[in-house]
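For reference, query07.pdb is printed below; it contains PDB, C-alpha atoms.
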ATOM      1  CA  MET A   1       0.000   0.000   0.000  1.00  0.00           C
ATOM      2  CA  ILE A   2       1.374   3.398  -0.980  1.00  0.00           C
ATOM      3  CA  THR A   3       1.035   6.152   1.604  1.00  0.00           C
ATOM      4  CA  CYS A   4       0.547   9.731   0.432  1.00  0.00           C
ATOM      5  CA  ARG A   5       2.915  12.431   1.647  1.00  0.00           C
ATOM      6  CA  CYS A   6       0.008  14.207   3.364  1.00  0.00           C
ATOM      7  CA  SER A   7      -0.306  11.405   5.911  1.00  0.00           C
ATOM      8  CA  GLN A   8       3.440  11.520   6.550  1.00  0.00           C
ATOM      9  CA  LEU A   9       3.509  15.254   7.296  1.00  0.00           C
ATOM     10  CA  ARG A  10       2.463  14.619  10.894  1.00  0.00           C
ATOM     11  CA  VAL A  11       0.743  11.768  12.668  1.00  0.00           C
ATOM     12  CA  ALA A  12      -2.927  12.572  13.222  1.00  0.00           C
ATOM     13  CA  SER A  13      -3.008  13.798  16.801  1.00  0.00           C
ATOM     14  CA  SER A  14      -3.464  16.702  19.186  1.00  0.00           C
ATOM     15  CA  PHE A  15      -0.855  19.344  20.002  1.00  0.00           C
ATOM     16  CA  SER A  16       1.435  19.499  23.007  1.00  0.00           C
ATOM     17  CA  SER A  17       1.360  23.318  23.150  1.00  0.00           C
ATOM     18  CA  PHE A  18       0.296  26.465  21.285  1.00  0.00           C
ATOM     19  CA  PRO A  19       3.799  26.767  19.727  1.00  0.00           C
ATOM     20  CA  ASP A  20       3.470  23.146  18.517  1.00  0.00           C
ATOM     21  CA  TYR A  21       0.130  24.063  16.867  1.00  0.00           C
ATOM     22  CA  ASP A  22       1.563  27.288  15.387  1.00  0.00           C
ATOM     23  CA  THR A  23       4.581  25.451  13.970  1.00  0.00           C
ATOM     24  CA  HIS A  24       2.435  22.774  12.357  1.00  0.00           C
ATOM     25  CA  LYS A  25       0.022  25.335  10.900  1.00  0.00           C
ATOM     26  CA  LYS A  26       2.963  27.195   9.349  1.00  0.00           C
ATOM     27  CA  VAL A  27       4.306  23.948   7.853  1.00  0.00           C
ATOM     28  CA  VAL A  28       0.909  23.218   6.281  1.00  0.00           C
ATOM     29  CA  LEU A  29       0.444  26.766   4.968  1.00  0.00           C
ATOM     30  CA  ASP A  30       3.986  26.884   3.546  1.00  0.00           C
ATOM     31  CA  SER A  31       3.614  23.455   1.947  1.00  0.00           C
ATOM     32  CA  GLU A  32       2.670  23.167  -1.697  1.00  0.00           C
ATOM     33  CA  LEU A  33       0.925  19.900  -0.884  1.00  0.00           C
ATOM     34  CA  PHE A  34      -2.444  21.380   0.153  1.00  0.00           C
ATOM     35  CA  ASP A  35      -5.191  23.671  -1.107  1.00  0.00           C
ATOM     36  CA  ASP A  36      -7.506  25.486   1.296  1.00  0.00           C
ATOM     37  CA  GLU A  37     -10.864  23.766   1.600  1.00  0.00           C
ATOM     38  CA  PRO A  38     -13.986  25.419   3.046  1.00  0.00           C
ATOM     39  CA  VAL A  39     -14.974  24.074   6.473  1.00  0.00           C
ATOM     40  CA  ALA A  40     -18.188  22.164   5.784  1.00  0.00           C
ATOM     41  CA  GLN A  41     -18.945  21.315   9.408  1.00  0.00           C
ATOM     42  CA  HIS A  42     -17.006  22.482  12.442  1.00  0.00           C
ATOM     43  CA  TYR A  43     -15.524  19.906  14.796  1.00  0.00           C
ATOM     44  CA  GLY A  44     -18.199  18.841  17.245  1.00  0.00           C
ATOM     45  CA  GLY A  45     -20.740  20.892  15.287  1.00  0.00           C
ATOM     46  CA  VAL A  46     -19.793  23.981  17.319  1.00  0.00           C
ATOM     47  CA  GLY A  47     -18.072  27.083  16.015  1.00  0.00           C
ATOM     48  CA  GLY A  48     -15.800  29.277  18.076  1.00  0.00           C
ATOM     49  CA  LEU A  49     -12.549  27.372  17.680  1.00  0.00           C
ATOM     50  CA  ALA A  50     -10.272  28.410  14.834  1.00  0.00           C
ATOM     51  CA  GLU A  51     -10.539  25.603  12.309  1.00  0.00           C
ATOM     52  CA  ASN A  52      -9.116  25.177   8.828  1.00  0.00           C
ATOM     53  CA  TRP A  53      -9.498  22.374   6.316  1.00  0.00           C
ATOM     54  CA  PHE A  54      -6.854  21.512   3.763  1.00  0.00           C
ATOM     55  CA  LYS A  55      -7.230  19.241   0.717  1.00  0.00           C
ATOM     56  CA  CYS A  56      -4.226  17.227  -0.428  1.00  0.00           C
ATOM     57  CA  LYS A  57      -3.445  17.991  -4.072  1.00  0.00           C
ATOM     58  CA  THR A  58      -2.096  14.471  -4.568  1.00  0.00           C
ATOM     59  CA  CYS A  59      -4.675  12.098  -3.070  1.00  0.00           C
ATOM     60  CA  GLY A  60      -7.660  14.373  -2.345  1.00  0.00           C
ATOM     61  CA  GLU A  61      -7.728  13.608   1.410  1.00  0.00           C
ATOM     62  CA  VAL A  62      -9.170  16.517   3.412  1.00  0.00           C
ATOM     63  CA  TRP A  63      -7.427  17.311   6.710  1.00  0.00           C
ATOM     64  CA  ARG A  64      -8.846  19.215   9.676  1.00  0.00           C
ATOM     65  CA  LEU A  65      -6.671  21.574  11.749  1.00  0.00           C
ATOM     66  CA  VAL A  66      -8.349  22.781  14.949  1.00  0.00           C
ATOM     67  CA  GLU A  67      -6.721  25.287  17.287  1.00  0.00           C
ATOM     68  CA  PRO A  68      -6.190  24.240  20.920  1.00  0.00           C
ATOM     69  CA  ASP A  69      -8.475  25.679  23.589  1.00  0.00           C
ATOM     70  CA  PRO A  70      -7.418  24.124  26.936  1.00  0.00           C
ATOM     71  CA  PRO A  71      -8.214  21.630  28.145  1.00  0.00           C
ATOM     72  CA  PHE A  72      -8.911  20.658  24.480  1.00  0.00           C
ATOM     73  CA  LYS A  73      -5.526  20.142  22.807  1.00  0.00           C
ATOM     74  CA  GLY A  74      -6.634  20.854  19.253  1.00  0.00           C
ATOM     75  CA  MET A  75      -6.297  18.349  16.448  1.00  0.00           C
ATOM     76  CA  TRP A  76      -4.833  17.464  13.076  1.00  0.00           C
ATOM     77  CA  CYS A  77      -6.704  14.599  11.437  1.00  0.00           C
ATOM     78  CA  PRO A  78      -8.428  13.547   8.227  1.00  0.00           C
ATOM     79  CA  VAL A  79     -12.033  14.672   7.908  1.00  0.00           C
ATOM     80  CA  ALA A  80     -14.260  11.610   8.050  1.00  0.00           C
ATOM     81  CA  PRO A  81     -16.307  11.131   4.910  1.00  0.00           C
ATOM     82  CA  PRO A  82     -20.037  11.741   5.393  1.00  0.00           C
ATOM     83  CA  ALA A  83     -21.990   8.720   6.550  1.00  0.00           C
ATOM     84  CA  SER A  84     -24.081   7.199   3.789  1.00  0.00           C
ATOM     85  CA  VAL A  85     -27.814   7.396   4.265  1.00  0.00           C
TER      86      VAL A  85
END
What's the structure tokens form of this structure?
Amino acid sequence: MITCRCSQLRVASSFSSFPDYDTHKKVVLDSELFDDEPVAQHYGGVGGLAENWFKCKTCGEVWRLVEPDPPFKGMWCPVAPPASV
């Protein structure tokens, strides 16, 4: 199985600190691997947290970047595809 570079950028996880989040966000924004994607549904269905979605130009995977808001540690993870009806 071939793994896309987008999944190797960082393991899907939370952040250890605000600087960790800021560093990762800068890496994503400076990368030529992603296009901005509109946020279709905020994490947990609630707005208020800074959230960005990024679509991989290579494989089409959409990634969610959510800012920490202690005790929530933020997140970087693929956006789950919508459940089929």
Chain and number of each residue from the PyMOL selection byres ((chain A and resi 51-56) around 10), as a PyMOL selection string
chain A and resi 4-7+25+28-29+32-43+47-50+57-68+74-79
CA of His24 (chain A) and CA of Arg10 (chain A), how far apart in Å?
8.3 Å
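Minimum atom-to-atom distances from A:Ser14, A:Pro19, A:Gly44, A:Val27 to Phe72 (chain A) were compared using only C-alpha atoms, and the lowest value belongs to A:Ser14.
Interatomic distance, CA of Lys73 (chain A) against CA of Phe15 (chain A): 5.5 Å.
Interatomic distance, CA of Asp69 (chain A) against CA of Leu9 (chain A): 22.8 Å.
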N, CA and C atoms are needed for region 48-76 of chain A; please write them out as a PDB file, in the coordinates of the input.
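Full text of out.pdb as output:
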ATOM      1  N   GLY A  48     -16.499  28.609  16.979  1.00  0.00           N
ATOM      2  CA  GLY A  48     -15.800  29.277  18.076  1.00  0.00           C
ATOM      3  C   GLY A  48     -14.329  28.951  18.123  1.00  0.00           C
ATOM      4  N   LEU A  49     -13.959  27.732  17.756  1.00  0.00           N
ATOM      5  CA  LEU A  49     -12.549  27.372  17.680  1.00  0.00           C
ATOM      6  C   LEU A  49     -12.061  27.667  16.266  1.00  0.00           C
ATOM      7  N   ALA A  50     -10.842  28.201  16.166  1.00  0.00           N
ATOM      8  CA  ALA A  50     -10.272  28.410  14.834  1.00  0.00           C
ATOM      9  C   ALA A  50     -10.075  27.045  14.184  1.00  0.00           C
ATOM     10  N   GLU A  51     -10.648  26.878  13.013  1.00  0.00           N
ATOM     11  CA  GLU A  51     -10.539  25.603  12.309  1.00  0.00           C
ATOM     12  C   GLU A  51     -10.316  25.857  10.830  1.00  0.00           C
ATOM     13  N   ASN A  52      -9.400  25.105  10.257  1.00  0.00           N
ATOM     14  CA  ASN A  52      -9.116  25.177   8.828  1.00  0.00           C
ATOM     15  C   ASN A  52      -9.130  23.767   8.266  1.00  0.00           C
ATOM     16  N   TRP A  53      -9.578  23.641   7.023  1.00  0.00           N
ATOM     17  CA  TRP A  53      -9.498  22.374   6.316  1.00  0.00           C
ATOM     18  C   TRP A  53      -8.554  22.553   5.140  1.00  0.00           C
ATOM     19  N   PHE A  54      -7.826  21.496   4.848  1.00  0.00           N
ATOM     20  CA  PHE A  54      -6.854  21.512   3.763  1.00  0.00           C
ATOM     21  C   PHE A  54      -7.021  20.239   2.939  1.00  0.00           C
ATOM     22  N   LYS A  55      -7.067  20.393   1.613  1.00  0.00           N
ATOM     23  CA  LYS A  55      -7.230  19.241   0.717  1.00  0.00           C
ATOM     24  C   LYS A  55      -5.892  18.926   0.068  1.00  0.00           C
ATOM     25  N   CYS A  56      -5.478  17.672   0.179  1.00  0.00           N
ATOM     26  CA  CYS A  56      -4.226  17.227  -0.428  1.00  0.00           C
ATOM     27  C   CYS A  56      -4.370  17.260  -1.948  1.00  0.00           C
ATOM     28  N   LYS A  57      -3.412  17.894  -2.612  1.00  0.00           N
ATOM     29  CA  LYS A  57      -3.445  17.991  -4.072  1.00  0.00           C
ATOM     30  C   LYS A  57      -3.134  16.649  -4.732  1.00  0.00           C
ATOM     31  N   THR A  58      -2.494  15.751  -3.996  1.00  0.00           N
ATOM     32  CA  THR A  58      -2.096  14.471  -4.568  1.00  0.00           C
ATOM     33  C   THR A  58      -3.195  13.417  -4.469  1.00  0.00           C
ATOM     34  N   CYS A  59      -3.721  13.195  -3.264  1.00  0.00           N
ATOM     35  CA  CYS A  59      -4.675  12.098  -3.070  1.00  0.00           C
ATOM     36  C   CYS A  59      -6.112  12.561  -2.833  1.00  0.00           C
ATOM     37  N   GLY A  60      -6.310  13.852  -2.563  1.00  0.00           N
ATOM     38  CA  GLY A  60      -7.660  14.373  -2.345  1.00  0.00           C
ATOM     39  C   GLY A  60      -8.156  14.279  -0.908  1.00  0.00           C
ATOM     40  N   GLU A  61      -7.343  13.707  -0.007  1.00  0.00           N
ATOM     41  CA  GLU A  61      -7.728  13.608   1.410  1.00  0.00           C
ATOM     42  C   GLU A  61      -7.886  15.021   1.982  1.00  0.00           C
ATOM     43  N   VAL A  62      -8.948  15.225   2.758  1.00  0.00           N
ATOM     44  CA  VAL A  62      -9.170  16.517   3.412  1.00  0.00           C
ATOM     45  C   VAL A  62      -8.771  16.382   4.879  1.00  0.00           C
ATOM     46  N   TRP A  63      -7.945  17.313   5.340  1.00  0.00           N
ATOM     47  CA  TRP A  63      -7.427  17.311   6.710  1.00  0.00           C
ATOM     48  C   TRP A  63      -8.008  18.475   7.489  1.00  0.00           C
ATOM     49  N   ARG A  64      -8.272  18.229   8.757  1.00  0.00           N
ATOM     50  CA  ARG A  64      -8.846  19.215   9.676  1.00  0.00           C
ATOM     51  C   ARG A  64      -7.758  19.670  10.647  1.00  0.00           C
ATOM     52  N   LEU A  65      -7.602  20.991  10.782  1.00  0.00           N
ATOM     53  CA  LEU A  65      -6.671  21.574  11.749  1.00  0.00           C
ATOM     54  C   LEU A  65      -7.492  22.450  12.689  1.00  0.00           C
ATOM     55  N   VAL A  66      -7.557  22.053  13.963  1.00  0.00           N
ATOM     56  CA  VAL A  66      -8.349  22.781  14.949  1.00  0.00           C
ATOM     57  C   VAL A  66      -7.418  23.316  16.022  1.00  0.00           C
ATOM     58  N   GLU A  67      -7.552  24.609  16.294  1.00  0.00           N
ATOM     59  CA  GLU A  67      -6.721  25.287  17.287  1.00  0.00           C
ATOM     60  C   GLU A  67      -7.006  24.761  18.699  1.00  0.00           C
ATOM     61  N   PRO A  68      -5.957  24.643  19.527  1.00  0.00           N
ATOM     62  CA  PRO A  68      -6.190  24.240  20.920  1.00  0.00           C
ATOM     63  C   PRO A  68      -6.990  25.296  21.685  1.00  0.00           C
ATOM     64  N   ASP A  69      -7.751  24.829  22.650  1.00  0.00           N
ATOM     65  CA  ASP A  69      -8.475  25.679  23.589  1.00  0.00           C
ATOM     66  C   ASP A  69      -8.562  24.878  24.887  1.00  0.00           C
ATOM     67  N   PRO A  70      -7.512  24.993  25.747  1.00  0.00           N
ATOM     68  CA  PRO A  70      -7.418  24.124  26.936  1.00  0.00           C
ATOM     69  C   PRO A  70      -8.730  24.046  27.700  1.00  0.00           C
ATOM     70  N   PRO A  71      -9.049  22.828  28.133  1.00  0.00           N
ATOM     71  CA  PRO A  71      -8.214  21.630  28.145  1.00  0.00           C
ATOM     72  C   PRO A  71      -8.170  20.882  26.815  1.00  0.00           C
ATOM     73  N   PHE A  72      -8.968  21.273  25.810  1.00  0.00           N
ATOM     74  CA  PHE A  72      -8.911  20.658  24.480  1.00  0.00           C
ATOM     75  C   PHE A  72      -7.570  20.982  23.837  1.00  0.00           C
ATOM     76  N   LYS A  73      -6.876  19.965  23.324  1.00  0.00           N
ATOM     77  CA  LYS A  73      -5.526  20.142  22.807  1.00  0.00           C
ATOM     78  C   LYS A  73      -5.466  20.370  21.303  1.00  0.00           C
ATOM     79  N   GLY A  74      -6.623  20.651  20.695  1.00  0.00           N
ATOM     80  CA  GLY A  74      -6.634  20.854  19.253  1.00  0.00           C
ATOM     81  C   GLY A  74      -6.493  19.528  18.528  1.00  0.00           C
ATOM     82  N   MET A  75      -6.454  19.597  17.189  1.00  0.00           N
ATOM     83  CA  MET A  75      -6.297  18.349  16.448  1.00  0.00           C
ATOM     84  C   MET A  75      -5.861  18.583  15.019  1.00  0.00           C
ATOM     85  N   TRP A  76      -5.184  17.583  14.490  1.00  0.00           N
ATOM     86  CA  TRP A  76      -4.833  17.464  13.076  1.00  0.00           C
ATOM     87  C   TRP A  76      -5.236  16.051  12.689  1.00  0.00           C
TER      88      TRP A  76
END
